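Only one structure is covered here, and it is reproduced in the block below.
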Amino acid sequence: MPKANIYWESFKTFFKIGIFTLGGGYAMIPLIEEEVVNRHKWVSKEELLDLIAIAQSCPGVFAINIAIFIGYKLRKLRGALATAFGTALPSFLIILAIAIFFAAFKENRIIAAMFRGIRPAVVALIAVPTFRMAQSAKIGWTNCWIPVVCALAIWLLGVSPIYIIIIAGLAGYLYGIYIKPTES
Amino acid sequence: MIFLDLFITFFKIGLFGFGGGYGMLSLIQHETVERAHWLSTSEFTDIVAISQMTPGPIGINSATYCGYTAIHNAGYGELMAILGSATATIALVLPSLILMILISRLFMKYMNTRPVRSVFTGLRPAVVGLLAAATLLLCNPENFSTPIVNPWQFWISIALFAATAFGTGYLKINPIRMICYAAFAGLLLLY
């Protein structure tokens, strides 16, 4: 294979990954692995697993985080810009097209009726992962007060989720140091 | 200056958006709906629905859409609204760019140490609370109507909520398919 421009190549690859992620999140991991490990051999499989673990715990959009890691590894800042841009661009263009279209058809009676049905369903789509995440965060009788207090503070008192994040991170840090210094 | 405000807001969301797309939704909602009043709750819910149904990460989709709608609602034209969506999207990605590069260059070896792990351990239960708060804030008359104003729509909405929760949570039906069912039900029952 002739040596193609690496910026263009990595941009294209992550553009593809951006397009084929439906519903977001972790459905894209197999595709990333196929493209980045098997096809282009930009990172090894072990390395990718490490990057995934870090990208998941860091703030921001998971797919973008992974893209930046790999782009940066390939060609530093310019590589990271190419992959991040590639991941975000399909979303950006598709949403923009829909936003322009939807702004014109929002008042349409048929569309309005459909969205009256969709809205309660979407609330359920956010409610369900709450419980799923509670399971994976190992929420039980001893620590269920934490999410409850956080939720009530945001819901009833209007506290910004940003403060909740900062306090929770700090509390976890202090807890790890002073109360439970051993946790594997 | 709404563009600067938009940039700062989505930069903050990118910086503190832990817990994947759904965790981030809670921040987006708080900032754009509750604080800045750029969008109404029903507009935000519509944006989540569309972000869920279109390809691409939910965080990017909703930032792009919120940026567009915020500027549009502020009375600007199409071109400015497109600029708004670019502003929001770039601002959301920027903290990731800075953080991931810092981690790549300097902190990779610290990521698996005890203090860092403790921070993440503390964040996890809080993110569950963030999601719960997002759900509770969306359970309002704009999305469900009320038993007094429109009992028919209210009870249909409750039924659609329950059906979707059961369908995606228990029967593992694809969320996109559930949204399509709900749209169809809305068309038949809430026209």
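As shown in the structure tokens, the chain order sets the letters A, B, ...; within each chain, residues go from 1, and ligands are also counted from 1 in the order they appear.
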Find the residues around range 152-156 of chain A up to 9 Å (only C-alpha atoms counted), leave out those fewer than 5 positions away in its own chain, and share them as a ChimeraX atom specification.
/A:147,161,164 /B:30,129-130,132-134,136-137
Going by DSSP on the backbone, which residues of range 16-157 of chain A come out as alpha helix (DSSP H)? List them as number ranges by chain.
A: 16-19, 29-32, 45-57, 62-105, 109-136, 145-155
If we count only C-alpha atoms, what is near range 74-90 of chain A at a cut-off of 9 Å, once residues fewer than 3 positions away on the same chain are taken out, given as a PyMOL selection string?
(chain A and resi 6-8+10-19+42+63-71+93-95) or (chain B and resi 55-57+60-61+89+93+97+101)
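The protein and nucleic acid residues lying at most 12 Å from Leu79 in chain B are Leu96 and Ile100 of chain A; Tyr68, Ile71, His72, Gly84, Ser85 and Ala86 of chain B, with only C-alpha atoms considered and sequence neighbours fewer than 5 positions away removed.
Counting only C-alpha atoms and comparing B:Ser40, B:Thr9, B:Thr54, B:Thr32, the residue that lies closest to chain A is B:Thr54.
Among B:Ile148, B:Leu27, B:Ile47, B:Leu6, the residue with the shortest atom-to-atom distance to chain A, counting only C-alpha atoms, is B:Leu27.
Compared by their closest atoms to chain A, and using only C-alpha atoms, the residues B:Lys172, B:Arg124, B:Arg35, B:Arg177 rank with B:Arg124 nearest.
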Which polymer residues have any atom within 9 Å of an atom of Phe11 in chain B, counting only C-alpha atoms, with same-chain residues fewer than 4 positions away left out, as a list of chain:residue names?
B:Leu6, B:Phe7, B:Leu15, B:Phe16, B:Ala88, B:Ile90, B:Ala91, B:Leu92, B:Val93, B:Leu94, B:Pro95
Of the residues B:Thr168, B:Ile103, B:Ile2, B:Gly122, which is the one nearest to His37 in chain B, using only C-alpha atoms?
B:Ile2
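CA of Gly21 in chain B sits 6.7 Å away from CA of Val61 in chain A.
Distances from A:Tyr175, A:Ala151, A:Phe131, A:Ala124 to Cys139 in chain B were compared using only C-alpha atoms, and the smallest one belongs to A:Ala124.
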Tell me, as a PyMOL selection string, which residues lie within 8 Å of range 125-128 of chain B, counting only C-alpha atoms; anything in the same chain fewer than 2 positions away does not count.
(chain A and resi 130-131+133-134+137+139+143-144+146-147+150+164-165+168) or (chain B and resi 18-19+23+121-123+130-132)
May I have the selected residues written with C-alpha atoms, as a PDB file, in the first residue's frame?
ATOM      1  CA  THR A 130     -29.674   5.700  35.901  1.00  0.00           C
ATOM      2  CA  PHE A 131     -30.400   2.280  37.366  1.00  0.00           C
ATOM      3  CA  MET A 133     -25.221   2.958  36.175  1.00  0.00           C
ATOM      4  CA  ALA A 134     -26.238   2.527  39.812  1.00  0.00           C
ATOM      5  CA  ALA A 137     -21.204   1.936  40.452  1.00  0.00           C
ATOM      6  CA  ILE A 139     -24.746   1.413  44.793  1.00  0.00           C
ATOM      7  CA  ASN A 143     -23.940   4.382  49.863  1.00  0.00           C
ATOM      8  CA  CYS A 144     -27.304   4.980  48.210  1.00  0.00           C
ATOM      9  CA  ILE A 146     -24.887   9.747  47.894  1.00  0.00           C
ATOM     10  CA  PRO A 147     -26.822   9.685  44.597  1.00  0.00           C
ATOM     11  CA  CYS A 150     -26.879  14.679  44.793  1.00  0.00           C
ATOM     12  CA  ILE A 164     -21.606  18.133  42.773  1.00  0.00           C
ATOM     13  CA  ILE A 165     -18.840  16.723  40.547  1.00  0.00           C
ATOM     14  CA  ALA A 168     -17.676  14.184  44.861  1.00  0.00           C
TER      15      ALA A 168
ATOM     16  CA  PHE B  18     -18.103  12.815  33.649  1.00  0.00           C
ATOM     17  CA  GLY B  19     -20.069   9.628  33.156  1.00  0.00           C
ATOM     18  CA  GLY B  23     -24.010  12.119  32.610  1.00  0.00           C
ATOM     19  CA  THR B 121     -14.509   6.135  42.943  1.00  0.00           C
ATOM     20  CA  GLY B 122     -16.022   9.229  44.515  1.00  0.00           C
ATOM     21  CA  LEU B 123     -17.401  10.452  41.197  1.00  0.00           C
ATOM     22  CA  LEU B 130     -26.753  13.490  38.190  1.00  0.00           C
ATOM     23  CA  LEU B 131     -28.663  11.140  35.935  1.00  0.00           C
ATOM     24  CA  ALA B 132     -31.473  10.796  38.473  1.00  0.00           C
TER      25      ALA B 132
END
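Candidate residues A:Leu49, A:Ala121, A:Ala55, A:Ala112 were compared for distance to chain B, and the nearest is A:Ala121, using only C-alpha atoms.
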Gap from CA of Pro151 in chain B to CA of Val33 in chain B - Å, one decimal:
25.8 Å
Might you pull out every residue within 10 Å of Cys180 in chain B, with only C-alpha atoms counted and same-chain residues fewer than 6 positions away left off, and present them as a ChimeraX atom specification?
/A:114,117-118,121 /B:53,186
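CA of Leu190 in chain B sits 25.9 Å away from CA of Tyr170 in chain B.
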